[in-house]
$ cat entry_29.pdb   # PDB, C-alpha atoms
ATOM      1  CA  MET A   1       0.000   0.000   0.000  1.00  0.00           C
ATOM      2  CA  GLY A   2       1.345   3.435  -0.898  1.00  0.00           C
ATOM      3  CA  LEU A   3       2.167   6.170   1.565  1.00  0.00           C
ATOM      4  CA  LEU A   4      -0.999   8.077   0.635  1.00  0.00           C
ATOM      5  CA  SER A   5      -4.486   6.659   0.223  1.00  0.00           C
ATOM      6  CA  LYS A   6      -6.706   8.116  -2.485  1.00  0.00           C
ATOM      7  CA  LYS A   7      -8.518  10.153   0.134  1.00  0.00           C
ATOM      8  CA  ASP A   8      -5.252  11.513   1.518  1.00  0.00           C
ATOM      9  CA  ALA A   9      -3.923  12.275  -1.957  1.00  0.00           C
ATOM     10  CA  LYS A  10      -7.045  14.340  -2.684  1.00  0.00           C
ATOM     11  CA  LEU A  11      -6.153  16.590   0.272  1.00  0.00           C
ATOM     12  CA  ILE A  12      -3.098  17.652  -1.741  1.00  0.00           C
ATOM     13  CA  THR A  13      -4.429  17.502  -5.311  1.00  0.00           C
ATOM     14  CA  ASP A  14      -7.848  19.152  -4.859  1.00  0.00           C
ATOM     15  CA  PRO A  15      -6.481  22.595  -3.834  1.00  0.00           C
ATOM     16  CA  LEU A  16      -4.193  22.570  -6.871  1.00  0.00           C
ATOM     17  CA  ALA A  17      -7.112  22.956  -9.256  1.00  0.00           C
ATOM     18  CA  ASP A  18     -10.780  22.266  -8.506  1.00  0.00           C
ATOM     19  CA  ASN A  19     -10.714  23.720  -4.989  1.00  0.00           C
ATOM     20  CA  ASN A  20      -7.897  26.251  -5.316  1.00  0.00           C
ATOM     21  CA  PRO A  21      -7.868  28.694  -2.379  1.00  0.00           C
ATOM     22  CA  ILE A  22      -7.356  31.740  -4.628  1.00  0.00           C
ATOM     23  CA  THR A  23      -9.258  30.994  -7.842  1.00  0.00           C
ATOM     24  CA  ILE A  24     -12.152  28.986  -6.340  1.00  0.00           C
ATOM     25  CA  GLN A  25     -12.422  30.043  -2.699  1.00  0.00           C
ATOM     26  CA  VAL A  26     -11.177  33.590  -3.458  1.00  0.00           C
ATOM     27  CA  LEU A  27      -8.944  33.748  -0.381  1.00  0.00           C
ATOM     28  CA  GLY A  28      -5.494  35.287   0.002  1.00  0.00           C
ATOM     29  CA  ILE A  29      -6.063  37.786  -2.798  1.00  0.00           C
ATOM     30  CA  CYS A  30      -4.246  40.648  -1.023  1.00  0.00           C
ATOM     31  CA  SER A  31      -0.796  39.063  -1.232  1.00  0.00           C
ATOM     32  CA  ALA A  32      -1.486  37.946  -4.804  1.00  0.00           C
ATOM     33  CA  LEU A  33      -1.948  41.615  -5.705  1.00  0.00           C
ATOM     34  CA  ALA A  34       0.867  43.037  -3.610  1.00  0.00           C
ATOM     35  CA  ILE A  35       3.998  40.919  -3.971  1.00  0.00           C
ATOM     36  CA  THR A  36       3.745  39.259  -7.391  1.00  0.00           C
ATOM     37  CA  ALA A  37       5.547  41.953  -9.396  1.00  0.00           C
ATOM     38  CA  GLN A  38       8.686  39.840  -8.909  1.00  0.00           C
ATOM     39  CA  LEU A  39       8.877  36.074  -9.360  1.00  0.00           C
ATOM     40  CA  LYS A  40      11.428  35.676  -6.552  1.00  0.00           C
ATOM     41  CA  ALA A  41       9.143  37.382  -4.037  1.00  0.00           C
ATOM     42  CA  SER A  42       6.251  35.180  -5.191  1.00  0.00           C
ATOM     43  CA  ILE A  43       8.293  31.997  -4.650  1.00  0.00           C
ATOM     44  CA  VAL A  44       9.491  33.085  -1.206  1.00  0.00           C
ATOM     45  CA  MET A  45       5.964  34.009  -0.126  1.00  0.00           C
ATOM     46  CA  ALA A  46       4.677  30.645  -1.413  1.00  0.00           C
ATOM     47  CA  VAL A  47       7.349  28.727   0.537  1.00  0.00           C
ATOM     48  CA  SER A  48       6.704  30.844   3.645  1.00  0.00           C
ATOM     49  CA  VAL A  49       2.967  30.131   3.578  1.00  0.00           C
ATOM     50  CA  MET A  50       3.675  26.424   2.999  1.00  0.00           C
ATOM     51  CA  PHE A  51       5.856  26.318   6.129  1.00  0.00           C
ATOM     52  CA  VAL A  52       3.375  28.249   8.261  1.00  0.00           C
ATOM     53  CA  LEU A  53       0.286  26.368   7.075  1.00  0.00           C
ATOM     54  CA  GLY A  54       1.847  22.886   7.092  1.00  0.00           C
ATOM     55  CA  ILE A  55       3.369  23.187  10.573  1.00  0.00           C
ATOM     56  CA  GLY A  56       0.509  25.293  11.936  1.00  0.00           C
ATOM     57  CA  ASN A  57      -2.107  22.742  10.889  1.00  0.00           C
ATOM     58  CA  VAL A  58      -0.186  20.000  12.704  1.00  0.00           C
ATOM     59  CA  VAL A  59       0.182  22.070  15.893  1.00  0.00           C
ATOM     60  CA  ILE A  60      -3.512  23.012  15.957  1.00  0.00           C
ATOM     61  CA  SER A  61      -4.500  19.407  15.265  1.00  0.00           C
ATOM     62  CA  LEU A  62      -2.355  18.147  18.164  1.00  0.00           C
ATOM     63  CA  MET A  63      -3.954  20.721  20.476  1.00  0.00           C
ATOM     64  CA  ARG A  64      -7.514  20.365  19.166  1.00  0.00           C
ATOM     65  CA  ASN A  65      -8.821  18.406  22.157  1.00  0.00           C
ATOM     66  CA  ILE A  66      -7.434  20.781  24.785  1.00  0.00           C
ATOM     67  CA  ILE A  67      -8.250  24.165  23.209  1.00  0.00           C
ATOM     68  CA  PRO A  68     -11.332  25.747  24.840  1.00  0.00           C
ATOM     69  CA  SER A  69     -13.747  26.715  22.069  1.00  0.00           C
ATOM     70  CA  LYS A  70     -14.131  30.256  23.415  1.00  0.00           C
ATOM     71  CA  ILE A  71     -10.450  31.081  22.879  1.00  0.00           C
ATOM     72  CA  ARG A  72      -9.663  28.893  19.852  1.00  0.00           C
ATOM     73  CA  ILE A  73      -9.208  31.904  17.525  1.00  0.00           C
ATOM     74  CA  ILE A  74      -6.711  33.474  19.969  1.00  0.00           C
ATOM     75  CA  VAL A  75      -4.778  30.199  20.180  1.00  0.00           C
ATOM     76  CA  GLN A  76      -4.725  29.920  16.381  1.00  0.00           C
ATOM     77  CA  LEU A  77      -3.400  33.471  16.076  1.00  0.00           C
ATOM     78  CA  VAL A  78      -0.654  32.777  18.636  1.00  0.00           C
ATOM     79  CA  VAL A  79       0.444  29.653  16.746  1.00  0.00           C
ATOM     80  CA  VAL A  80       0.508  31.330  13.332  1.00  0.00           C
ATOM     81  CA  ALA A  81       2.193  34.454  14.754  1.00  0.00           C
ATOM     82  CA  ALA A  82       5.007  32.358  16.262  1.00  0.00           C
ATOM     83  CA  LEU A  83       5.591  30.608  12.929  1.00  0.00           C
ATOM     84  CA  VAL A  84       5.505  33.877  10.994  1.00  0.00           C
ATOM     85  CA  ILE A  85       8.108  35.379  13.359  1.00  0.00           C
ATOM     86  CA  ILE A  86      10.382  32.426  12.543  1.00  0.00           C
ATOM     87  CA  VAL A  87       9.895  33.010   8.805  1.00  0.00           C
ATOM     88  CA  ASP A  88      10.524  36.743   9.185  1.00  0.00           C
ATOM     89  CA  GLN A  89      13.726  36.248  11.177  1.00  0.00           C
ATOM     90  CA  VAL A  90      15.074  33.662   8.726  1.00  0.00           C
ATOM     91  CA  LEU A  91      14.419  36.038   5.817  1.00  0.00           C
ATOM     92  CA  LYS A  92      16.148  38.910   7.600  1.00  0.00           C
ATOM     93  CA  ALA A  93      19.135  36.682   8.395  1.00  0.00           C
ATOM     94  CA  PHE A  94      19.646  35.142   4.955  1.00  0.00           C
ATOM     95  CA  SER A  95      17.948  37.479   2.457  1.00  0.00           C
ATOM     96  CA  TYR A  96      17.661  40.938   3.973  1.00  0.00           C
ATOM     97  CA  GLU A  97      16.924  42.780   0.711  1.00  0.00           C
ATOM     98  CA  LEU A  98      14.093  40.389  -0.111  1.00  0.00           C
ATOM     99  CA  SER A  99      12.738  40.722   3.411  1.00  0.00           C
ATOM    100  CA  LYS A 100      12.530  44.491   2.849  1.00  0.00           C
ATOM    101  CA  THR A 101      10.720  43.900  -0.457  1.00  0.00           C
ATOM    102  CA  LEU A 102       8.137  41.673   1.225  1.00  0.00           C
ATOM    103  CA  SER A 103       8.118  43.992   4.279  1.00  0.00           C
ATOM    104  CA  VAL A 104       4.715  43.980   6.004  1.00  0.00           C
ATOM    105  CA  PHE A 105       3.297  41.241   3.776  1.00  0.00           C
ATOM    106  CA  VAL A 106       5.201  38.544   5.670  1.00  0.00           C
ATOM    107  CA  GLY A 107       3.580  39.778   8.868  1.00  0.00           C
ATOM    108  CA  LEU A 108       0.190  39.744   7.177  1.00  0.00           C
ATOM    109  CA  ILE A 109       0.492  35.975   6.749  1.00  0.00           C
ATOM    110  CA  ILE A 110      -0.863  35.985  10.313  1.00  0.00           C
ATOM    111  CA  THR A 111      -4.234  37.196   9.058  1.00  0.00           C
ATOM    112  CA  ASN A 112      -4.217  35.256   5.784  1.00  0.00           C
ATOM    113  CA  CYS A 113      -7.741  33.889   5.333  1.00  0.00           C
ATOM    114  CA  ILE A 114      -6.402  30.613   3.896  1.00  0.00           C
ATOM    115  CA  ILE A 115      -4.401  29.805   7.026  1.00  0.00           C
ATOM    116  CA  MET A 116      -7.065  30.741   9.568  1.00  0.00           C
ATOM    117  CA  GLY A 117      -9.690  29.015   7.423  1.00  0.00           C
ATOM    118  CA  ARG A 118      -7.787  25.695   7.307  1.00  0.00           C
ATOM    119  CA  PHE A 119      -7.108  25.845  11.050  1.00  0.00           C
ATOM    120  CA  GLU A 120     -10.792  26.364  11.757  1.00  0.00           C
ATOM    121  CA  ALA A 121     -12.316  24.139   9.073  1.00  0.00           C
ATOM    122  CA  PHE A 122      -9.890  21.218   9.014  1.00  0.00           C
ATOM    123  CA  ALA A 123      -7.153  21.072  11.650  1.00  0.00           C
ATOM    124  CA  LEU A 124      -9.596  21.372  14.573  1.00  0.00           C
ATOM    125  CA  GLY A 125     -11.471  18.278  13.381  1.00  0.00           C
ATOM    126  CA  ASN A 126      -8.784  15.984  11.979  1.00  0.00           C
ATOM    127  CA  GLY A 127      -5.582  14.213  12.990  1.00  0.00           C
ATOM    128  CA  PRO A 128      -2.047  15.598  12.505  1.00  0.00           C
ATOM    129  CA  TRP A 129      -1.199  13.640   9.320  1.00  0.00           C
ATOM    130  CA  LYS A 130      -4.337  14.614   7.440  1.00  0.00           C
ATOM    131  CA  SER A 131      -3.991  18.178   8.712  1.00  0.00           C
ATOM    132  CA  PHE A 132      -0.400  18.309   7.459  1.00  0.00           C
ATOM    133  CA  LEU A 133      -1.453  17.093   4.003  1.00  0.00           C
ATOM    134  CA  ASP A 134      -4.325  19.586   3.924  1.00  0.00           C
ATOM    135  CA  GLY A 135      -1.952  22.407   4.860  1.00  0.00           C
ATOM    136  CA  ILE A 136       0.619  21.453   2.232  1.00  0.00           C
ATOM    137  CA  GLY A 137      -2.072  21.023  -0.437  1.00  0.00           C
ATOM    138  CA  ASN A 138      -3.680  24.401   0.188  1.00  0.00           C
ATOM    139  CA  ALA A 139      -0.292  26.119   0.406  1.00  0.00           C
ATOM    140  CA  LEU A 140       0.731  24.541  -2.909  1.00  0.00           C
ATOM    141  CA  GLY A 141      -2.518  25.683  -4.523  1.00  0.00           C
ATOM    142  CA  TYR A 142      -1.922  29.200  -3.211  1.00  0.00           C
ATOM    143  CA  GLY A 143       1.742  29.156  -4.211  1.00  0.00           C
ATOM    144  CA  ILE A 144       1.131  27.957  -7.762  1.00  0.00           C
ATOM    145  CA  ILE A 145      -1.154  30.916  -8.456  1.00  0.00           C
ATOM    146  CA  LEU A 146       1.354  33.364  -6.933  1.00  0.00           C
ATOM    147  CA  ILE A 147       4.167  31.926  -9.058  1.00  0.00           C
ATOM    148  CA  ILE A 148       2.113  31.999 -12.280  1.00  0.00           C
ATOM    149  CA  VAL A 149       1.083  35.608 -11.658  1.00  0.00           C
ATOM    150  CA  GLY A 150       4.628  36.595 -10.654  1.00  0.00           C
ATOM    151  CA  PHE A 151       6.065  34.887 -13.756  1.00  0.00           C
ATOM    152  CA  PHE A 152       3.931  36.836 -16.224  1.00  0.00           C
ATOM    153  CA  ARG A 153       4.084  40.148 -14.363  1.00  0.00           C
ATOM    154  CA  GLU A 154       7.886  40.172 -14.133  1.00  0.00           C
ATOM    155  CA  LEU A 155       8.406  38.786 -17.651  1.00  0.00           C
ATOM    156  CA  LEU A 156       6.061  41.207 -19.419  1.00  0.00           C
ATOM    157  CA  GLY A 157       6.614  44.141 -17.065  1.00  0.00           C
ATOM    158  CA  SER A 158      10.395  44.059 -16.677  1.00  0.00           C
ATOM    159  CA  GLY A 159      11.597  41.600 -19.314  1.00  0.00           C
ATOM    160  CA  THR A 160      13.308  39.587 -16.582  1.00  0.00           C
ATOM    161  CA  LEU A 161      12.808  36.387 -14.579  1.00  0.00           C
ATOM    162  CA  LEU A 162      14.346  36.102 -11.110  1.00  0.00           C
ATOM    163  CA  GLY A 163      16.253  39.266 -12.018  1.00  0.00           C
ATOM    164  CA  PHE A 164      17.864  37.803 -15.152  1.00  0.00           C
ATOM    165  CA  LYS A 165      17.240  39.522 -18.494  1.00  0.00           C
ATOM    166  CA  VAL A 166      15.534  36.921 -20.682  1.00  0.00           C
ATOM    167  CA  LEU A 167      14.111  39.105 -23.449  1.00  0.00           C
ATOM    168  CA  GLY A 168      17.299  41.058 -24.110  1.00  0.00           C
ATOM    169  CA  ASP A 169      18.640  44.426 -22.980  1.00  0.00           C
ATOM    170  CA  PRO A 170      16.119  47.275 -23.331  1.00  0.00           C
ATOM    171  CA  ILE A 171      18.884  49.902 -23.240  1.00  0.00           C
ATOM    172  CA  GLU A 172      21.245  48.311 -25.755  1.00  0.00           C
ATOM    173  CA  LYS A 173      18.255  47.108 -27.821  1.00  0.00           C
ATOM    174  CA  THR A 174      19.205  43.439 -27.986  1.00  0.00           C
ATOM    175  CA  GLY A 175      16.942  40.381 -28.200  1.00  0.00           C
ATOM    176  CA  LEU A 176      13.247  41.200 -28.644  1.00  0.00           C
ATOM    177  CA  TYR A 177      13.958  44.873 -27.991  1.00  0.00           C
ATOM    178  CA  ALA A 178      15.895  44.967 -31.283  1.00  0.00           C
ATOM    179  CA  ILE A 179      12.629  44.451 -33.190  1.00  0.00           C
ATOM    180  CA  GLY A 180      10.720  47.118 -31.286  1.00  0.00           C
ATOM    181  CA  TYR A 181       9.399  45.238 -28.251  1.00  0.00           C
ATOM    182  CA  GLU A 182       8.842  47.373 -25.144  1.00  0.00           C
ATOM    183  CA  ASN A 183       8.151  46.348 -21.549  1.00  0.00           C
ATOM    184  CA  ASN A 184       4.591  46.861 -20.366  1.00  0.00           C
ATOM    185  CA  GLY A 185       5.024  48.905 -17.192  1.00  0.00           C
ATOM    186  CA  PHE A 186       1.321  48.463 -16.424  1.00  0.00           C
ATOM    187  CA  MET A 187       2.075  44.791 -15.601  1.00  0.00           C
ATOM    188  CA  LEU A 188       4.014  45.968 -12.546  1.00  0.00           C
ATOM    189  CA  LEU A 189       0.974  47.732 -11.069  1.00  0.00           C
ATOM    190  CA  SER A 190      -1.271  45.897  -8.610  1.00  0.00           C
ATOM    191  CA  PRO A 191      -4.413  46.001 -10.814  1.00  0.00           C
ATOM    192  CA  MET A 192      -2.672  43.770 -13.367  1.00  0.00           C
ATOM    193  CA  ALA A 193      -2.287  41.051 -10.731  1.00  0.00           C
ATOM    194  CA  LEU A 194      -6.063  41.030 -10.381  1.00  0.00           C
ATOM    195  CA  ILE A 195      -6.481  40.868 -14.165  1.00  0.00           C
ATOM    196  CA  VAL A 196      -4.002  37.965 -14.451  1.00  0.00           C
ATOM    197  CA  VAL A 197      -5.811  36.114 -11.651  1.00  0.00           C
ATOM    198  CA  GLY A 198      -9.083  36.785 -13.495  1.00  0.00           C
ATOM    199  CA  ILE A 199      -7.635  35.251 -16.672  1.00  0.00           C
ATOM    200  CA  ILE A 200      -6.531  32.174 -14.712  1.00  0.00           C
ATOM    201  CA  ILE A 201     -10.048  31.855 -13.253  1.00  0.00           C
ATOM    202  CA  TRP A 202     -11.547  32.154 -16.755  1.00  0.00           C
ATOM    203  CA  VAL A 203      -9.210  29.471 -18.177  1.00  0.00           C
ATOM    204  CA  GLN A 204      -9.924  27.189 -15.225  1.00  0.00           C
ATOM    205  CA  ARG A 205     -13.689  27.477 -15.602  1.00  0.00           C
ATOM    206  CA  SER A 206     -13.459  27.090 -19.379  1.00  0.00           C
ATOM    207  CA  ARG A 207     -11.722  23.743 -18.898  1.00  0.00           C
ATOM    208  CA  ASN A 208     -14.043  22.573 -16.114  1.00  0.00           C
ATOM    209  CA  LYS A 209     -17.649  23.657 -16.611  1.00  0.00           C
ATOM    210  CA  ALA A 210     -18.621  22.176 -13.227  1.00  0.00           C
ATOM    211  CA  LEU A 211     -16.872  25.127 -11.544  1.00  0.00           C
ATOM    212  CA  ILE A 212     -19.233  27.645 -13.149  1.00  0.00           C
ATOM    213  CA  GLU A 213     -21.867  28.813 -10.666  1.00  0.00           C
ATOM    214  CA  ASP A 214     -25.515  28.782 -11.731  1.00  0.00           C
TER     215      ASP A 214
END

$ encode --input "entry_29.pdb" --output "structure tokens"
Amino acid sequence: MGLLSKKDAKLITDPLADNNPITIQVLGICSALAITAQLKASIVMAVSVMFVLGIGNVVISLMRNIIPSKIRIIVQLVVVAALVIIVDQVLKAFSYELSKTLSVFVGLIITNCIIMGRFEAFALGNGPWKSFLDGIGNALGYGIILIIVGFFRELLGSGTLLGFKVLGDPIEKTGLYAIGYENNGFMLLSPMALIVVGIIIWVQRSRNKALIED
């Protein structure tokens, strides 16, 4: 028997497409708008949320039988805040410039609807293993959308990926710039993140008609 049953595997695969936290549940939109102008920032935010949600789900699941219901939200906030502080300190220690780019948005992971929603809806009612898989699955679904949006915004807005010039040099007019291509500065503005997410939602619903609401 494999490590994951079909039911367990669905905890990871469902949020990647048919139950994606951003495109289906419409959660975590703020960070998708704010930090996806650069692919590197998108990847780091995705990994950060995966760490916080995966570990946080396990901690809440282990404590689920001893948390008084009246203070469960406070306990959840304390757990996620402690994990976010770890992420923030690691970023400041090993990638200070990137930590300044992400600035307050790392701290706002604490109030990310996806994380609090999974704590409340899943971790409080399931065991640690299933909660871990649910956390990783939802974080992956969130991260994939961030990375897709960050990829297109940086590529079309700056002509770079992860800071490397992939379309040529806009000053020396090499690569695509030699034939008249120009970067679309509008892609670097927050509204374009919303438009790119909208396009992803449209493509997703075009491929799967069951996702279209009546």

$ closest_atom_pairs --input "entry_29.pdb" --of "stretch 159-201 of chain A" --to "stretch 28-50 of chain A" --cutoff "7 Å" --atoms "all atoms listed in the file" --output "Markdown table"
| residue | atom | partner | partner_atom | distance |
| --- | --- | --- | --- | --- |
| A:Leu161 | CA | A:Leu39 | CA | 6.5 |
| A:Leu162 | CA | A:Lys40 | CA | 5.4 |
| A:Leu188 | CA | A:Ala37 | CA | 5.3 |
| A:Ser190 | CA | A:Leu33 | CA | 5.2 |
| A:Ala193 | CA | A:Leu33 | CA | 5.1 |
| A:Leu194 | CA | A:Leu33 | CA | 6.3 |

$ closest_residue --input "entry_29.pdb" --among "A:Met187, A:Leu91, A:Ile201, A:Leu62" --to "A:Phe152" --atoms "all atoms listed in the file"
A:Met187

$ resolve_selection --input "entry_29.pdb" --expression "the PyMOL selection byres ((chain A and resi 72) around 12)" --output "VMD selection string"
chain A and resid 60 to 61 63 to 71 73 to 79 116 119 to 120 123 to 124

$ residues_around --input "entry_29.pdb" --residues "A:Trp129" --least-positions-apart "3" --cutoff "9 Å" --atoms "all atoms listed in the file" --output "PyMOL selection string"
chain A and resi 58+61+126+132-134

$ atom_distance --input "entry_29.pdb" --atom1 "atom CA of A:Ile115" --atom2 "atom CA of A:Arg207"
27.6 Å

$ residues_near_point --input "entry_29.pdb" --point "(-13.2, 25.2, -12.2)" --cutoff "9 Å" --atoms "all atoms listed in the file" --output "VMD selection string"
chain A and resid 17 to 20 23 to 24 201 to 212

$ atom_distance --input "entry_29.pdb" --atom1 "atom CA of A:Thr160" --atom2 "atom CA of A:Tyr177"
12.6 Å

$ closest_residue --input "entry_29.pdb" --among "A:Asn138, A:Asn183, A:Asn112, A:Thr174" --to "A:Arg153" --atoms "all atoms listed in the file"
A:Asn183

$ atom_distance --input "entry_29.pdb" --atom1 "atom CA of A:Leu27" --atom2 "atom CA of A:Leu53"
14.0 Å

$ residues_around --input "entry_29.pdb" --residues "stretch 166-170 of chain A" --least-positions-apart "3" --cutoff "12 Å" --atoms "only C-alpha atoms" --output "mmCIF file with C-alpha atoms, in the frame of the given file"
data_model
loop_
_atom_site.group_PDB
_atom_site.id
_atom_site.type_symbol
_atom_site.label_atom_id
_atom_site.label_comp_id
_atom_site.auth_asym_id
_atom_site.auth_seq_id
_atom_site.Cartn_x
_atom_site.Cartn_y
_atom_site.Cartn_z
ATOM 1 C CA PHE A 151 6.065 34.887 -13.756
ATOM 2 C CA GLU A 154 7.886 40.172 -14.133
ATOM 3 C CA LEU A 155 8.406 38.786 -17.651
ATOM 4 C CA LEU A 156 6.061 41.207 -19.419
ATOM 5 C CA GLY A 157 6.614 44.141 -17.065
ATOM 6 C CA SER A 158 10.395 44.059 -16.677
ATOM 7 C CA GLY A 159 11.597 41.600 -19.314
ATOM 8 C CA THR A 160 13.308 39.587 -16.582
ATOM 9 C CA LEU A 161 12.808 36.387 -14.579
ATOM 10 C CA LEU A 162 14.346 36.102 -11.110
ATOM 11 C CA GLY A 163 16.253 39.266 -12.018
ATOM 12 C CA LYS A 173 18.255 47.108 -27.821
ATOM 13 C CA THR A 174 19.205 43.439 -27.986
ATOM 14 C CA GLY A 175 16.942 40.381 -28.200
ATOM 15 C CA LEU A 176 13.247 41.200 -28.644
ATOM 16 C CA TYR A 177 13.958 44.873 -27.991
ATOM 17 C CA ALA A 178 15.895 44.967 -31.283
ATOM 18 C CA ILE A 179 12.629 44.451 -33.190
ATOM 19 C CA GLY A 180 10.720 47.118 -31.286
ATOM 20 C CA TYR A 181 9.399 45.238 -28.251
ATOM 21 C CA GLU A 182 8.842 47.373 -25.144
ATOM 22 C CA ASN A 183 8.151 46.348 -21.549
ATOM 23 C CA ASN A 184 4.591 46.861 -20.366
#

$ residues_around --input "entry_29.pdb" --residues "A:Phe51" --least-positions-apart "5" --cutoff "10 Å" --atoms "only C-alpha atoms" --output "ChimeraX atom specification"
/A:45-46,56-57,83-84,86-87,135-136,139

$ axis_aligned_box --input "entry_29.pdb" --around "stretch 160-173 of chain A" --padding-each-side "4 Å" --output "AutoDock Vina command-line options"
--center_x 17.0 --center_y 43.0 --center_z -19.5 --size_x 16.4 --size_y 21.8 --size_z 24.7

$ closest_residue --input "entry_29.pdb" --among "A:Glu172, A:Val197, A:Val26, A:Ser5" --to "A:Ile145" --atoms "all atoms listed in the file"
A:Val197
